[in-house]
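Source file: run-v1.pdb. Holds: PDB, N, CA and C atoms.
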ATOM      1  N   MET A   1      -5.716 104.643  -9.643
ATOM      2  CA  MET A   1      -5.970 105.937  -9.049
ATOM      3  C   MET A   1      -6.672 105.721  -7.711
ATOM      4  N   PHE A   2      -6.274 106.519  -6.717
ATOM      5  CA  PHE A   2      -6.872 106.415  -5.396
ATOM      6  C   PHE A   2      -7.664 107.671  -5.094
ATOM      7  N   ALA A   3      -8.811 107.504  -4.471
ATOM      8  CA  ALA A   3      -9.634 108.641  -4.080
ATOM      9  C   ALA A   3      -8.946 109.401  -2.957
ATOM     10  N   ALA A   4      -9.277 110.683  -2.836
ATOM     11  CA  ALA A   4      -8.670 111.527  -1.806
ATOM     12  C   ALA A   4      -9.002 111.041  -0.400
ATOM     13  N   ASN A   5     -10.118 110.350  -0.247
ATOM     14  CA  ASN A   5     -10.511 109.890   1.086
ATOM     15  C   ASN A   5     -10.177 108.415   1.334
ATOM     16  N   THR A   6      -9.257 107.875   0.545
ATOM     17  CA  THR A   6      -8.836 106.491   0.741
ATOM     18  C   THR A   6      -8.138 106.311   2.076
ATOM     19  N   TYR A   7      -7.389 107.340   2.479
ATOM     20  CA  TYR A   7      -6.598 107.273   3.709
ATOM     21  C   TYR A   7      -7.057 108.340   4.681
ATOM     22  N   VAL A   8      -6.874 108.044   5.958
ATOM     23  CA  VAL A   8      -7.051 109.040   7.007
ATOM     24  C   VAL A   8      -5.694 109.185   7.672
ATOM     25  N   ILE A   9      -5.206 110.407   7.747
ATOM     26  CA  ILE A   9      -3.950 110.680   8.446
ATOM     27  C   ILE A   9      -4.306 111.588   9.616
ATOM     28  N   ARG A  10      -3.914 111.159  10.816
ATOM     29  CA  ARG A  10      -4.265 111.908  12.015
ATOM     30  C   ARG A  10      -3.138 111.824  13.036
ATOM     31  N   GLN A  11      -3.216 112.699  14.029
ATOM     32  CA  GLN A  11      -2.255 112.684  15.132
ATOM     33  C   GLN A  11      -2.471 111.415  15.951
ATOM     34  N   ALA A  12      -1.400 110.707  16.209
ATOM     35  CA  ALA A  12      -1.498 109.508  17.056
ATOM     36  C   ALA A  12      -1.638 109.946  18.504
ATOM     37  N   GLY A  13      -2.471 109.251  19.228
ATOM     38  CA  GLY A  13      -2.690 109.558  20.636
ATOM     39  C   GLY A  13      -2.286 108.387  21.511
ATOM     40  N   PRO A  14      -2.449 108.521  22.827
ATOM     41  CA  PRO A  14      -2.081 107.445  23.751
ATOM     42  C   PRO A  14      -2.794 106.129  23.445
ATOM     43  N   ALA A  15      -4.008 106.190  22.950
ATOM     44  CA  ALA A  15      -4.766 104.975  22.643
ATOM     45  C   ALA A  15      -4.179 104.218  21.449
ATOM     46  N   ASP A  16      -3.285 104.845  20.707
ATOM     47  CA  ASP A  16      -2.687 104.211  19.529
ATOM     48  C   ASP A  16      -1.372 103.490  19.823
ATOM     49  N   SER A  17      -0.931 103.501  21.065
ATOM     50  CA  SER A  17       0.384 102.919  21.371
ATOM     51  C   SER A  17       0.469 101.435  21.031
ATOM     52  N   ASP A  18      -0.580 100.673  21.286
ATOM     53  CA  ASP A  18      -0.561  99.246  20.941
ATOM     54  C   ASP A  18      -0.492  99.050  19.432
ATOM     55  N   ALA A  19      -1.251  99.839  18.681
ATOM     56  CA  ALA A  19      -1.238  99.727  17.219
ATOM     57  C   ALA A  19       0.131 100.104  16.663
ATOM     58  N   LEU A  20       0.747 101.155  17.214
ATOM     59  CA  LEU A  20       2.071 101.559  16.748
ATOM     60  C   LEU A  20       3.112 100.489  17.059
ATOM     61  N   SER A  21       3.009  99.878  18.221
ATOM     62  CA  SER A  21       3.937  98.786  18.580
ATOM     63  C   SER A  21       3.751  97.588  17.652
ATOM     64  N   ARG A  22       2.492  97.266  17.339
ATOM     65  CA  ARG A  22       2.206  96.136  16.449
ATOM     66  C   ARG A  22       2.770  96.398  15.053
ATOM     67  N   ILE A  23       2.557  97.597  14.528
ATOM     68  CA  ILE A  23       3.071  97.927  13.196
ATOM     69  C   ILE A  23       4.592  97.872  13.193
ATOM     70  N   ALA A  24       5.236  98.393  14.225
ATOM     71  CA  ALA A  24       6.702  98.368  14.301
ATOM     72  C   ALA A  24       7.219  96.926  14.332
ATOM     73  N   ARG A  25       6.554  96.059  15.099
ATOM     74  CA  ARG A  25       6.963  94.646  15.139
ATOM     75  C   ARG A  25       6.828  94.000  13.771
ATOM     76  N   LEU A  26       5.693  94.239  13.099
ATOM     77  CA  LEU A  26       5.476  93.656  11.772
ATOM     78  C   LEU A  26       6.499  94.167  10.764
ATOM     79  N   ASP A  27       6.920  95.420  10.920
ATOM     80  CA  ASP A  27       7.887  96.039  10.012
ATOM     81  C   ASP A  27       9.321  95.779  10.461
ATOM     82  N   THR A  28       9.494  94.986  11.518
ATOM     83  CA  THR A  28      10.790  94.657  12.123
ATOM     84  C   THR A  28      11.618  95.907  12.396
ATOM     85  N   GLN A  29      10.962  96.893  13.000
ATOM     86  CA  GLN A  29      11.633  98.120  13.411
ATOM     87  C   GLN A  29      11.335  98.369  14.877
ATOM     88  N   ARG A  30      12.110  99.259  15.457
ATOM     89  CA  ARG A  30      11.818  99.647  16.837
ATOM     90  C   ARG A  30      10.611 100.583  16.840
ATOM     91  N   PRO A  31       9.844 100.594  17.911
ATOM     92  CA  PRO A  31       8.644 101.444  17.973
ATOM     93  C   PRO A  31       9.001 102.930  17.883
ATOM     94  N   LEU A  32       8.059 103.722  17.389
ATOM     95  CA  LEU A  32       8.238 105.162  17.335
ATOM     96  C   LEU A  32       8.111 105.728  18.736
ATOM     97  N   THR A  33       8.887 106.760  19.013
ATOM     98  CA  THR A  33       8.777 107.445  20.298
ATOM     99  C   THR A  33       8.405 108.898  20.033
ATOM    100  N   GLY A  34       7.705 109.487  20.952
ATOM    101  CA  GLY A  34       7.307 110.885  20.795
ATOM    102  C   GLY A  34       6.085 111.027  19.906
ATOM    103  N   ASP A  35       5.832 112.263  19.471
ATOM    104  CA  ASP A  35       4.665 112.550  18.647
ATOM    105  C   ASP A  35       4.767 111.859  17.289
ATOM    106  N   ALA A  36       3.615 111.453  16.775
ATOM    107  CA  ALA A  36       3.586 110.757  15.488
ATOM    108  C   ALA A  36       2.259 111.027  14.788
ATOM    109  N   LEU A  37       2.292 110.854  13.478
ATOM    110  CA  LEU A  37       1.073 110.837  12.676
ATOM    111  C   LEU A  37       0.815 109.390  12.304
ATOM    112  N   ILE A  38      -0.434 109.000  12.328
ATOM    113  CA  ILE A  38      -0.796 107.630  11.983
ATOM    114  C   ILE A  38      -1.703 107.653  10.763
ATOM    115  N   GLY A  39      -1.447 106.738   9.842
ATOM    116  CA  GLY A  39      -2.265 106.622   8.648
ATOM    117  C   GLY A  39      -3.137 105.389   8.737
ATOM    118  N   GLU A  40      -4.406 105.566   8.425
ATOM    119  CA  GLU A  40      -5.357 104.464   8.486
ATOM    120  C   GLU A  40      -5.871 104.134   7.091
ATOM    121  N   ILE A  41      -6.114 102.861   6.870
ATOM    122  CA  ILE A  41      -6.769 102.384   5.660
ATOM    123  C   ILE A  41      -8.018 101.639   6.112
ATOM    124  N   ASP A  42      -9.161 102.085   5.640
ATOM    125  CA  ASP A  42     -10.442 101.495   6.049
ATOM    126  C   ASP A  42     -10.596 101.441   7.563
ATOM    127  N   GLY A  43     -10.122 102.475   8.250
ATOM    128  CA  GLY A  43     -10.275 102.571   9.698
ATOM    129  C   GLY A  43      -9.252 101.813  10.510
ATOM    130  N   ALA A  44      -8.329 101.119   9.849
ATOM    131  CA  ALA A  44      -7.317 100.342  10.570
ATOM    132  C   ALA A  44      -5.954 101.014  10.445
ATOM    133  N   PRO A  45      -5.232 101.179  11.566
ATOM    134  CA  PRO A  45      -3.893 101.759  11.493
ATOM    135  C   PRO A  45      -2.995 100.912  10.594
ATOM    136  N   ALA A  46      -2.355 101.581   9.619
ATOM    137  CA  ALA A  46      -1.539 100.849   8.647
ATOM    138  C   ALA A  46      -0.094 101.319   8.598
ATOM    139  N   ALA A  47       0.150 102.587   8.919
ATOM    140  CA  ALA A  47       1.502 103.132   8.867
ATOM    141  C   ALA A  47       1.558 104.359   9.760
ATOM    142  N   ALA A  48       2.767 104.783  10.088
ATOM    143  CA  ALA A  48       2.934 105.956  10.936
ATOM    144  C   ALA A  48       4.273 106.605  10.644
ATOM    145  N   VAL A  49       4.359 107.898  10.949
ATOM    146  CA  VAL A  49       5.614 108.637  10.811
ATOM    147  C   VAL A  49       5.877 109.365  12.122
ATOM    148  N   SER A  50       7.115 109.317  12.566
ATOM    149  CA  SER A  50       7.518 110.030  13.766
ATOM    150  C   SER A  50       7.687 111.503  13.440
ATOM    151  N   LEU A  51       7.084 112.374  14.238
ATOM    152  CA  LEU A  51       7.267 113.812  14.063
ATOM    153  C   LEU A  51       8.568 114.282  14.700
ATOM    154  N   VAL A  52       9.268 113.379  15.360
ATOM    155  CA  VAL A  52      10.553 113.697  15.982
ATOM    156  C   VAL A  52      11.687 113.543  14.976
ATOM    157  N   ASP A  53      11.697 112.411  14.259
ATOM    158  CA  ASP A  53      12.824 112.151  13.351
ATOM    159  C   ASP A  53      12.419 111.756  11.932
ATOM    160  N   GLY A  54      11.131 111.681  11.649
ATOM    161  CA  GLY A  54      10.674 111.377  10.292
ATOM    162  C   GLY A  54      10.709 109.910   9.912
ATOM    163  N   ARG A  55      11.017 109.054  10.878
ATOM    164  CA  ARG A  55      11.061 107.619  10.594
ATOM    165  C   ARG A  55       9.652 107.091  10.356
ATOM    166  N   VAL A  56       9.503 106.254   9.327
ATOM    167  CA  VAL A  56       8.203 105.700   8.949
ATOM    168  C   VAL A  56       8.187 104.202   9.241
ATOM    169  N   ILE A  57       7.072 103.744   9.800
ATOM    170  CA  ILE A  57       6.834 102.313   9.955
ATOM    171  C   ILE A  57       5.548 101.989   9.210
ATOM    172  N   ALA A  58       5.478 100.788   8.644
ATOM    173  CA  ALA A  58       4.295 100.410   7.868
ATOM    174  C   ALA A  58       4.023  98.914   8.013
ATOM    175  N   ASP A  59       2.760  98.575   8.036
ATOM    176  CA  ASP A  59       2.330  97.186   8.087
ATOM    177  C   ASP A  59       2.605  96.556   6.718
ATOM    178  N   PRO A  60       3.497  95.568   6.645
ATOM    179  CA  PRO A  60       3.840  94.977   5.350
ATOM    180  C   PRO A  60       2.707  94.141   4.737
ATOM    181  N   PHE A  61       1.660  93.885   5.507
ATOM    182  CA  PHE A  61       0.550  93.085   5.005
ATOM    183  C   PHE A  61      -0.624  93.937   4.517
ATOM    184  N   MET A  62      -0.429  95.266   4.538
ATOM    185  CA  MET A  62      -1.462  96.181   4.039
ATOM    186  C   MET A  62      -0.883  96.957   2.852
ATOM    187  N   ARG A  63      -1.762  97.498   2.046
ATOM    188  CA  ARG A  63      -1.335  98.234   0.849
ATOM    189  C   ARG A  63      -0.966  99.669   1.235
ATOM    190  N   THR A  64       0.281  99.840   1.668
ATOM    191  CA  THR A  64       0.738 101.140   2.174
ATOM    192  C   THR A  64       1.670 101.867   1.202
ATOM    193  N   ALA A  65       1.843 101.359   0.004
ATOM    194  CA  ALA A  65       2.784 101.961  -0.944
ATOM    195  C   ALA A  65       2.420 103.401  -1.291
ATOM    196  N   ASN A  66       1.146 103.753  -1.285
ATOM    197  CA  ASN A  66       0.738 105.132  -1.548
ATOM    198  C   ASN A  66       0.585 105.943  -0.261
ATOM    199  N   LEU A  67       0.380 105.275   0.845
ATOM    200  CA  LEU A  67       0.194 105.962   2.122
ATOM    201  C   LEU A  67       1.514 106.480   2.685
ATOM    202  N   THR A  68       2.577 105.703   2.622
ATOM    203  CA  THR A  68       3.838 106.131   3.231
ATOM    204  C   THR A  68       4.409 107.406   2.602
ATOM    205  N   PRO A  69       4.333 107.605   1.284
ATOM    206  CA  PRO A  69       4.796 108.900   0.759
ATOM    207  C   PRO A  69       3.945 110.074   1.257
ATOM    208  N   LEU A  70       2.651 109.854   1.446
ATOM    209  CA  LEU A  70       1.795 110.911   1.986
ATOM    210  C   LEU A  70       2.190 111.263   3.417
ATOM    211  N   LEU A  71       2.541 110.250   4.196
ATOM    212  CA  LEU A  71       3.005 110.507   5.564
ATOM    213  C   LEU A  71       4.310 111.304   5.543
ATOM    214  N   ARG A  72       5.206 110.977   4.627
ATOM    215  CA  ARG A  72       6.473 111.719   4.523
ATOM    216  C   ARG A  72       6.231 113.179   4.127
ATOM    217  N   VAL A  73       5.287 113.408   3.224
ATOM    218  CA  VAL A  73       4.943 114.774   2.822
ATOM    219  C   VAL A  73       4.388 115.541   4.018
ATOM    220  N   ARG A  74       3.500 114.911   4.768
ATOM    221  CA  ARG A  74       2.931 115.576   5.942
ATOM    222  C   ARG A  74       4.009 115.881   6.984
ATOM    223  N   TYR A  75       4.982 114.972   7.149
ATOM    224  CA  TYR A  75       6.094 115.218   8.072
ATOM    225  C   TYR A  75       6.912 116.422   7.607
ATOM    226  N   ARG A  76       7.241 116.476   6.312
ATOM    227  CA  ARG A  76       8.024 117.608   5.798
ATOM    228  C   ARG A  76       7.255 118.918   5.944
ATOM    229  N   ALA A  77       5.955 118.894   5.744
ATOM    230  CA  ALA A  77       5.145 120.098   5.928
ATOM    231  C   ALA A  77       5.148 120.526   7.396
ATOM    232  N   TYR A  78       5.071 119.576   8.289
ATOM    233  CA  TYR A  78       5.114 119.864   9.723
ATOM    234  C   TYR A  78       6.447 120.517  10.084
ATOM    235  N   ARG A  79       7.547 119.953   9.604
ATOM    236  CA  ARG A  79       8.878 120.505   9.897
ATOM    237  C   ARG A  79       9.045 121.897   9.291
ATOM    238  N   ALA A  80       8.552 122.096   8.085
ATOM    239  CA  ALA A  80       8.658 123.407   7.437
ATOM    240  C   ALA A  80       7.893 124.459   8.231
ATOM    241  N   ARG A  81       6.731 124.090   8.726
ATOM    242  CA  ARG A  81       5.936 125.027   9.510
ATOM    243  C   ARG A  81       6.651 125.420  10.798
ATOM    244  N   LEU A  82       7.402 124.502  11.378
ATOM    245  CA  LEU A  82       8.146 124.811  12.602
ATOM    246  C   LEU A  82       9.287 125.795  12.342
ATOM    247  N   HIS A  83       9.899 125.719  11.158
ATOM    248  CA  HIS A  83      11.084 126.520  10.865
ATOM    249  C   HIS A  83      10.812 127.779  10.053
ATOM    250  N   THR A  84       9.626 127.920   9.530
ATOM    251  CA  THR A  84       9.301 129.066   8.694
ATOM    252  C   THR A  84       8.183 129.858   9.354
ATOM    253  N   PRO A  85       8.416 131.144   9.569
ATOM    254  CA  PRO A  85       7.335 131.925  10.175
ATOM    255  C   PRO A  85       6.123 131.973   9.253
ATOM    256  N   SER A  86       5.005 132.263   9.842
ATOM    257  CA  SER A  86       3.776 132.320   9.061
ATOM    258  C   SER A  86       3.819 133.485   8.075
ATOM    259  N   LEU A  87       2.953 133.459   7.092
ATOM    260  CA  LEU A  87       2.864 134.530   6.110
ATOM    261  C   LEU A  87       2.580 135.862   6.789
ATOM    262  N   VAL A  88       1.699 135.860   7.768
ATOM    263  CA  VAL A  88       1.367 137.085   8.483
ATOM    264  C   VAL A  88       2.612 137.654   9.169
ATOM    265  N   GLU A  89       3.400 136.793   9.811
ATOM    266  CA  GLU A  89       4.620 137.258  10.480
ATOM    267  C   GLU A  89       5.619 137.821   9.478
ATOM    268  N   ARG A  90       5.742 137.171   8.311
ATOM    269  CA  ARG A  90       6.672 137.676   7.296
ATOM    270  C   ARG A  90       6.212 139.024   6.760
ATOM    271  N   LEU A  91       4.908 139.198   6.551
ATOM    272  CA  LEU A  91       4.382 140.475   6.074
ATOM    273  C   LEU A  91       4.583 141.576   7.110
ATOM    274  N   ARG A  92       4.308 141.277   8.360
ATOM    275  CA  ARG A  92       4.499 142.277   9.417
ATOM    276  C   ARG A  92       5.956 142.701   9.537
ATOM    277  N   ALA A  93       6.863 141.756   9.366
ATOM    278  CA  ALA A  93       8.286 142.086   9.452
ATOM    279  C   ALA A  93       8.722 142.974   8.295
ATOM    280  N   GLY A  94       8.064 142.873   7.155
ATOM    281  CA  GLY A  94       8.467 143.642   5.981
ATOM    282  C   GLY A  94       7.763 144.969   5.835
ATOM    283  N   VAL A  95       6.771 145.244   6.645
ATOM    284  CA  VAL A  95       5.997 146.484   6.527
ATOM    285  C   VAL A  95       6.249 147.344   7.755
ATOM    286  N   ARG A  96       6.632 148.576   7.510
ATOM    287  CA  ARG A  96       6.830 149.506   8.630
ATOM    288  C   ARG A  96       5.521 150.254   8.876
ATOM    289  N   PRO A  97       5.195 150.482  10.116
ATOM    290  CA  PRO A  97       3.969 151.235  10.392
ATOM    291  C   PRO A  97       4.072 152.662   9.831
ATOM    292  N   TYR A  98       2.964 153.199   9.413
ATOM    293  CA  TYR A  98       2.919 154.543   8.857
ATOM    294  C   TYR A  98       2.988 155.558   9.983
ATOM    295  N   ALA A  99       3.946 156.448   9.901
ATOM    296  CA  ALA A  99       4.064 157.527  10.888
ATOM    297  C   ALA A  99       3.950 158.832  10.140
ATOM    298  N   PRO A 100       2.835 159.534  10.296
ATOM    299  CA  PRO A 100       2.668 160.794   9.557
ATOM    300  C   PRO A 100       3.673 161.853  10.011
ATOM    301  N   ALA A 101       4.137 162.632   9.060
ATOM    302  CA  ALA A 101       5.081 163.714   9.377
ATOM    303  C   ALA A 101       4.314 164.857  10.044
ATOM    304  N   HIS A 102       4.863 165.369  11.099
ATOM    305  CA  HIS A 102       4.221 166.481  11.811
ATOM    306  C   HIS A 102       4.586 167.790  11.133
ATOM    307  N   ALA A 103       3.588 168.617  10.879
ATOM    308  CA  ALA A 103       3.846 169.905  10.215
ATOM    309  C   ALA A 103       4.197 170.989  11.154
TER     310      ALA A 103
END
Will you turn the file into structure tokens for me?
Amino acid sequence: MFAANTYVIRQAGPADSDALSRIARLDTQRPLTGDALIGEIDGAPAAAVSLVDGRVIADPFMRTANLTPLLRVRYRAYRARLHTPSLVERLRAGVRPYAPAHA
């Protein structure tokens, strides 16, 4: 069992480009391009998912077997949020404003 705070998943920034390139090389994949989420284990970048195409890269020398599915879930949640309006928008679309009848 893993604690909820075992991993940190965050938006990758420009300072993470070297770490993302290193992970891609270790995983024998091409580097991720565009926006990405990066997963850390004990403060060290261990895996990442592209927010453009959902491709995952992972350091094969770190224990990422539980981290990579979490990254995939976060990617799917991100994509769903882009394609599904918010609850507030759905409620507003389904409710007509009250217009009192004039006597």
For this structure, which residues satisfy the selection - the PyMOL selection byres (((chain A and resi 27-30 and name CA) around 8) and name CA) - when it is evaluated on the file as given? I want them as a list in words.
Ile23, Ala24, Arg25, Leu26, Pro31, Leu32, Ile57, Ala58, Asp59 and Pro60 of chain A
Keeping N, CA and C atoms for every residue in the selection just given, could you write it to a file as a PDB file, in the frame of the given file?
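Dumped everything to out_19.pdb:
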ATOM      1  N   ILE A  23       2.557  97.597  14.528  1.00  0.00           N
ATOM      2  CA  ILE A  23       3.071  97.927  13.196  1.00  0.00           C
ATOM      3  C   ILE A  23       4.592  97.872  13.193  1.00  0.00           C
ATOM      4  N   ALA A  24       5.236  98.393  14.225  1.00  0.00           N
ATOM      5  CA  ALA A  24       6.702  98.368  14.301  1.00  0.00           C
ATOM      6  C   ALA A  24       7.219  96.926  14.332  1.00  0.00           C
ATOM      7  N   ARG A  25       6.554  96.059  15.099  1.00  0.00           N
ATOM      8  CA  ARG A  25       6.963  94.646  15.139  1.00  0.00           C
ATOM      9  C   ARG A  25       6.828  94.000  13.771  1.00  0.00           C
ATOM     10  N   LEU A  26       5.693  94.239  13.099  1.00  0.00           N
ATOM     11  CA  LEU A  26       5.476  93.656  11.772  1.00  0.00           C
ATOM     12  C   LEU A  26       6.499  94.167  10.764  1.00  0.00           C
ATOM     13  N   PRO A  31       9.844 100.594  17.911  1.00  0.00           N
ATOM     14  CA  PRO A  31       8.644 101.444  17.973  1.00  0.00           C
ATOM     15  C   PRO A  31       9.001 102.930  17.883  1.00  0.00           C
ATOM     16  N   LEU A  32       8.059 103.722  17.389  1.00  0.00           N
ATOM     17  CA  LEU A  32       8.238 105.162  17.335  1.00  0.00           C
ATOM     18  C   LEU A  32       8.111 105.728  18.736  1.00  0.00           C
ATOM     19  N   ILE A  57       7.072 103.744   9.800  1.00  0.00           N
ATOM     20  CA  ILE A  57       6.834 102.313   9.955  1.00  0.00           C
ATOM     21  C   ILE A  57       5.548 101.989   9.210  1.00  0.00           C
ATOM     22  N   ALA A  58       5.478 100.788   8.644  1.00  0.00           N
ATOM     23  CA  ALA A  58       4.295 100.410   7.868  1.00  0.00           C
ATOM     24  C   ALA A  58       4.023  98.914   8.013  1.00  0.00           C
ATOM     25  N   ASP A  59       2.760  98.575   8.036  1.00  0.00           N
ATOM     26  CA  ASP A  59       2.330  97.186   8.087  1.00  0.00           C
ATOM     27  C   ASP A  59       2.605  96.556   6.718  1.00  0.00           C
ATOM     28  N   PRO A  60       3.497  95.568   6.645  1.00  0.00           N
ATOM     29  CA  PRO A  60       3.840  94.977   5.350  1.00  0.00           C
ATOM     30  C   PRO A  60       2.707  94.141   4.737  1.00  0.00           C
TER      31      PRO A  60
END
Go through A:Glu89, A:Leu70, A:Arg10, A:Arg76 and flag the residue nearest Gly39 (chain A), using all atoms listed in the file for the distances.
A:Arg10
The PyMOL selection byres ((chain A and resi 11) around 6) applied to the shown file, residues as a VMD selection string
chain A and resid 9 to 10 12 to 13 36 to 38
If you run DSSP on the backbone, which residues of region 8-89 of chain A are alpha helix (DSSP H), as a PyMOL selection string?
chain A and resi 17-26+67-83+87-89
What are the closest atom pairs, with distances in Å to one decimal, for each residue of region 16-62 of chain A lying within 10 Å of region 79-85 of chain A, using only C-alpha atoms, rows by chain and rising residue number, as a Markdown table?
| residue | atom | partner | partner_atom | distance |
| --- | --- | --- | --- | --- |
| A:Leu51 | CA | A:Arg79 | CA | 8.0 |
| A:Val52 | CA | A:Arg79 | CA | 9.3 |
| A:Asp53 | CA | A:Arg79 | CA | 9.9 |
| A:Gly54 | CA | A:Arg79 | CA | 9.3 |
Give me a file of those residues, with N, CA and C atoms, as a PDB file, keeping the file's coordinate frame.
ATOM      1  N   LEU A  51       7.084 112.374  14.238  1.00  0.00           N
ATOM      2  CA  LEU A  51       7.267 113.812  14.063  1.00  0.00           C
ATOM      3  C   LEU A  51       8.568 114.282  14.700  1.00  0.00           C
ATOM      4  N   VAL A  52       9.268 113.379  15.360  1.00  0.00           N
ATOM      5  CA  VAL A  52      10.553 113.697  15.982  1.00  0.00           C
ATOM      6  C   VAL A  52      11.687 113.543  14.976  1.00  0.00           C
ATOM      7  N   ASP A  53      11.697 112.411  14.259  1.00  0.00           N
ATOM      8  CA  ASP A  53      12.824 112.151  13.351  1.00  0.00           C
ATOM      9  C   ASP A  53      12.419 111.756  11.932  1.00  0.00           C
ATOM     10  N   GLY A  54      11.131 111.681  11.649  1.00  0.00           N
ATOM     11  CA  GLY A  54      10.674 111.377  10.292  1.00  0.00           C
ATOM     12  C   GLY A  54      10.709 109.910   9.912  1.00  0.00           C
TER      13      GLY A  54
END
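Residues surrounding Leu67 (chain A) within 8 Å are Tyr7, Gly39, Glu40, Ala46, Ala47, Ala48, Arg72 and Val73 of chain A [only N, CA and C atoms; sequence separation below 5 positions excluded].
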Which residue of A:Asn5, A:Ser21, A:Thr33, A:Ser50 approaches Tyr75 (chain A) most closely, using all atoms listed in the file
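Among the listed residues, the smallest separation from Tyr75 (chain A) belongs to A:Ser50.
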How far is it from CA of Pro69 (chain A) to CA of Val49 (chain A), in Å with one decimal?
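Those two atoms sit 10.1 Å apart.
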CA of Ile41 (chain A) and CA of Thr6 (chain A) are how many Å apart?
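So the answer is 6.7 Å.
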Report, in Å with one decimal, the straight-line distance from CA of Ala65 (chain A) to CA of Pro45 (chain A).
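Rounded to one decimal, the two atoms are 14.1 Å apart.
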Please give the centre and size of the box around region 72-90 of chain A (axis-aligned, containing every atom listed in the file, 8 Å added per side), with values in Å to one decimal and written as JSON.
{"center_x": 6.2, "center_y": 125.0, "center_z": 7.7, "size_x": 25.7, "size_y": 44.0, "size_z": 25.8}
Return as a ChimeraX atom specification the full set of residues in chain A whose backbone-based DSSP assignment is strand (DSSP E or B).
/A:7-11,36-41,44-50,56-58
Write out the residues from the selection above, keeping N, CA and C atoms, as a CSV table (one decimal), in the frame of the given file.
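selection32.csv, freshly written:
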chain,number,residue,atom,x,y,z
A,7,TYR,N,-7.4,107.3,2.5
A,7,TYR,CA,-6.6,107.3,3.7
A,7,TYR,C,-7.1,108.3,4.7
A,8,VAL,N,-6.9,108.0,6.0
A,8,VAL,CA,-7.1,109.0,7.0
A,8,VAL,C,-5.7,109.2,7.7
A,9,ILE,N,-5.2,110.4,7.7
A,9,ILE,CA,-4.0,110.7,8.4
A,9,ILE,C,-4.3,111.6,9.6
A,10,ARG,N,-3.9,111.2,10.8
A,10,ARG,CA,-4.3,111.9,12.0
A,10,ARG,C,-3.1,111.8,13.0
A,11,GLN,N,-3.2,112.7,14.0
A,11,GLN,CA,-2.3,112.7,15.1
A,11,GLN,C,-2.5,111.4,16.0
A,36,ALA,N,3.6,111.5,16.8
A,36,ALA,CA,3.6,110.8,15.5
A,36,ALA,C,2.3,111.0,14.8
A,37,LEU,N,2.3,110.9,13.5
A,37,LEU,CA,1.1,110.8,12.7
A,37,LEU,C,0.8,109.4,12.3
A,38,ILE,N,-0.4,109.0,12.3
A,38,ILE,CA,-0.8,107.6,12.0
A,38,ILE,C,-1.7,107.7,10.8
A,39,GLY,N,-1.4,106.7,9.8
A,39,GLY,CA,-2.3,106.6,8.6
A,39,GLY,C,-3.1,105.4,8.7
A,40,GLU,N,-4.4,105.6,8.4
A,40,GLU,CA,-5.4,104.5,8.5
A,40,GLU,C,-5.9,104.1,7.1
A,41,ILE,N,-6.1,102.9,6.9
A,41,ILE,CA,-6.8,102.4,5.7
A,41,ILE,C,-8.0,101.6,6.1
A,44,ALA,N,-8.3,101.1,9.8
A,44,ALA,CA,-7.3,100.3,10.6
A,44,ALA,C,-6.0,101.0,10.4
A,45,PRO,N,-5.2,101.2,11.6
A,45,PRO,CA,-3.9,101.8,11.5
A,45,PRO,C,-3.0,100.9,10.6
A,46,ALA,N,-2.4,101.6,9.6
A,46,ALA,CA,-1.5,100.8,8.6
A,46,ALA,C,-0.1,101.3,8.6
A,47,ALA,N,0.2,102.6,8.9
A,47,ALA,CA,1.5,103.1,8.9
A,47,ALA,C,1.6,104.4,9.8
A,48,ALA,N,2.8,104.8,10.1
A,48,ALA,CA,2.9,106.0,10.9
A,48,ALA,C,4.3,106.6,10.6
A,49,VAL,N,4.4,107.9,10.9
A,49,VAL,CA,5.6,108.6,10.8
A,49,VAL,C,5.9,109.4,12.1
A,50,SER,N,7.1,109.3,12.6
A,50,SER,CA,7.5,110.0,13.8
A,50,SER,C,7.7,111.5,13.4
A,56,VAL,N,9.5,106.3,9.3
A,56,VAL,CA,8.2,105.7,8.9
A,56,VAL,C,8.2,104.2,9.2
A,57,ILE,N,7.1,103.7,9.8
A,57,ILE,CA,6.8,102.3,10.0
A,57,ILE,C,5.5,102.0,9.2
A,58,ALA,N,5.5,100.8,8.6
A,58,ALA,CA,4.3,100.4,7.9
A,58,ALA,C,4.0,98.9,8.0
Any chance you could build region 19-24 of chain A out to N, CA, C and O atoms and write it as a PDB file, in the frame of the given file?
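The resulting part11.pdb:
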ATOM      1  N   ALA A  19      -1.251  99.839  18.681  1.00  0.00           N
ATOM      2  CA  ALA A  19      -1.238  99.727  17.219  1.00  0.00           C
ATOM      3  C   ALA A  19       0.131 100.104  16.663  1.00  0.00           C
ATOM      4  O   ALA A  19       0.645  99.433  15.762  1.00  0.00           O
ATOM      5  N   LEU A  20       0.747 101.155  17.214  1.00  0.00           N
ATOM      6  CA  LEU A  20       2.071 101.559  16.748  1.00  0.00           C
ATOM      7  C   LEU A  20       3.112 100.489  17.059  1.00  0.00           C
ATOM      8  O   LEU A  20       3.998 100.219  16.240  1.00  0.00           O
ATOM      9  N   SER A  21       3.009  99.878  18.221  1.00  0.00           N
ATOM     10  CA  SER A  21       3.937  98.786  18.580  1.00  0.00           C
ATOM     11  C   SER A  21       3.751  97.588  17.652  1.00  0.00           C
ATOM     12  O   SER A  21       4.723  96.979  17.208  1.00  0.00           O
ATOM     13  N   ARG A  22       2.492  97.266  17.339  1.00  0.00           N
ATOM     14  CA  ARG A  22       2.206  96.136  16.449  1.00  0.00           C
ATOM     15  C   ARG A  22       2.770  96.398  15.053  1.00  0.00           C
ATOM     16  O   ARG A  22       3.433  95.529  14.476  1.00  0.00           O
ATOM     17  N   ILE A  23       2.557  97.597  14.528  1.00  0.00           N
ATOM     18  CA  ILE A  23       3.071  97.927  13.196  1.00  0.00           C
ATOM     19  C   ILE A  23       4.592  97.872  13.193  1.00  0.00           C
ATOM     20  O   ILE A  23       5.200  97.339  12.255  1.00  0.00           O
ATOM     21  N   ALA A  24       5.236  98.393  14.225  1.00  0.00           N
ATOM     22  CA  ALA A  24       6.702  98.368  14.301  1.00  0.00           C
ATOM     23  C   ALA A  24       7.219  96.926  14.332  1.00  0.00           C
ATOM     24  O   ALA A  24       8.202  96.597  13.652  1.00  0.00           O
TER      25      ALA A  24
END
